[in-house]
Amino acid sequence: MDLLKSCELCPRRCKVDRTKGVGFCGAGEKIRVALVSLHKWEEPCISGETGAGTIFFSHCNLKCVYCQNYKISHEGYGEEISIERLAEIFIEQQERGAANIELVTPVQYVPQVCLAIDIAKNRGLKLPIVYNTNSYENLSTLDLLKSRVDIFLPDLKYFDDEIAKTFSAAPNYFEVASAAIKKMFEIVGDFEICANGLMKRGVIVRHLILPNFRRDSLKILDWLNENFNDRIYISLMNQYTPVFRAGEFKKINRRLTTFEYDSVVNHALDIGVKNCYMQVGKTAEEKFIPHFDCSGVN
């Protein structure tokens, strides 16, 4: 794995030899996975009736203080597996009836994941591949996913760089993420929805609205609409829950108000956004956080 010997897979560009140590994200040479599941709480065109075939990878190149998956992203919980075993997991998810193969936070393992996809496709994998990412990505890394990934499911977390640095330790987040999302769209193009309602190809941009920062969300919506109009889907999420280290930051140490969420949704409607998922009901509850117990990994 030459790309791991001086790792520059993400914008951190640590250049660490991951065959001998770890970089900012905490990942070494071996793939580490915390959960394999059929996840029914994704967007309807991703989950379908049977659920998305999620594979939750351990470690992350962001350090979000409110991360609901901190057990795996910050603490690195999970089990090490081989590339061969990852390919087997893809096939097993297909046999379980998964709607797709959803790779959750995979950037730190892209070279290994690409090899696993190739192996699985040679063994009969037919499901669309979904790349679920925080969007803190290098364009050169995304290029490796051409002809391998069918659906990109990126976050667009922040417009303001100071917010990104404060809550995710991510300098130049919007500059990096916006370029990455443009690259993702370049790779897969306009979305395609099958007769059964499942997405076959395309981009769904997720945005989690944070308490006290709805104006940042409005700027993100404006940018998405100006750059993609109705050629992508947008998913506006109201599920923010103050977990992990959120209590250390007064502005985000509470749930979102109805006013905050509705004002962002109304702005989307006002500027003409057509393809948009909205969350209703009580979604900001810890019961919706996956239980990471390494099920399905080995």
# chains A, B, ... in the order shown; residues from 1 in each chain; ligands from 1
$ closest_atom_pairs --of "region 77-127 of chain A" --to "region 146-163 of chain A" --cutoff "9 Å" --atoms "only C-alpha atoms" --output "tab-separated table"
residue	atom	partner	partner_atom	distance
A:Cys114	CA	A:Arg148	CA	7.2
A:Ile117	CA	A:Arg148	CA	7.0
A:Asp118	CA	A:Arg148	CA	7.9
$ residues_around --residues "Ser295 (chain A)" --least-positions-apart "3" --cutoff "10 Å" --atoms "only C-alpha atoms" --output "PyMOL selection string"
chain A and resi 33-37+78+291-292+298
$ closest_residue --among "A:Gly202, A:Met278, A:Asp230, A:Asn212" --to "Phe259 (chain A)" --atoms "only C-alpha atoms"
A:Asn212
$ closest_residue --among "A:Cys60, A:Val16, A:Ala27, A:Leu236" --to "Ala169 (chain A)" --atoms "only C-alpha atoms"
A:Cys60
$ closest_residue --among "A:Leu127, A:Ala87, A:Ile234, A:Cys25" --to "His74 (chain A)" --atoms "only C-alpha atoms"
A:Cys25
$ closest_residue --among "A:Val264, A:Cys64, A:Leu198, A:Val107" --to "Glu8 (chain A)" --atoms "only C-alpha atoms"
A:Val107
$ closest_residue --among "A:Ala52, A:Cys67, A:Leu86, A:Ile181" --to "Arg32 (chain A)" --atoms "only C-alpha atoms"
A:Leu86
$ atom_distance --atom1 "CA of Tyr66 (chain A)" --atom2 "CA of Arg245 (chain A)"
5.8 Å
$ select_by_dssp --residues "region 40-259 of chain A" --states "alpha helix (DSSP H)" --output "MDAnalysis selection string"
chainID A and resid 44:47 70:73 83:95 110:122 139:143 161:168 173:188 214:228 258:259
$ select_by_dssp --residues "region 105-163 of chain A" --states "strand (DSSP E)" --output "VMD selection string"
chain A and resid 129 to 133 151 to 154
$ write_last_selection --atoms "C-alpha atoms" --output "mmCIF file, in the first residue's frame"
data_model
loop_
_atom_site.group_PDB
_atom_site.id
_atom_site.type_symbol
_atom_site.label_atom_id
_atom_site.label_comp_id
_atom_site.auth_asym_id
_atom_site.auth_seq_id
_atom_site.Cartn_x
_atom_site.Cartn_y
_atom_site.Cartn_z
ATOM 1 C CA ILE A 129 -21.834 1.655 -3.435
ATOM 2 C CA VAL A 130 -22.629 4.617 -1.178
ATOM 3 C CA TYR A 131 -19.755 6.767 0.095
ATOM 4 C CA ASN A 132 -20.847 8.486 3.340
ATOM 5 C CA THR A 133 -18.304 11.186 4.171
ATOM 6 C CA ILE A 151 -23.767 7.459 -4.696
ATOM 7 C CA PHE A 152 -22.040 10.115 -2.641
ATOM 8 C CA LEU A 153 -23.576 11.018 0.729
ATOM 9 C CA PRO A 154 -21.443 13.953 1.901
#
$ residues_around --residues "Pro11 (chain A)" --least-positions-apart "4" --cutoff "9 Å" --atoms "only C-alpha atoms" --output "number ranges by chain"
A: 61, 136-138, 176
$ write_last_selection --atoms "C-alpha atoms" --output "PDB file, in the first residue's frame"
ATOM      1  CA  ASN A  61     -10.022  12.883  10.140  1.00  0.00           C
ATOM      2  CA  TYR A 136     -12.975  16.796   4.382  1.00  0.00           C
ATOM      3  CA  GLU A 137     -11.501  15.092   1.345  1.00  0.00           C
ATOM      4  CA  ASN A 138      -8.693  15.495  -1.156  1.00  0.00           C
ATOM      5  CA  VAL A 176     -12.119  21.915   1.029  1.00  0.00           C
TER       6      VAL A 176
END
$ closest_residue --among "A:Met184, A:Asn100, A:Asp270, A:Phe174" --to "Gly48 (chain A)" --atoms "only C-alpha atoms"
A:Asn100
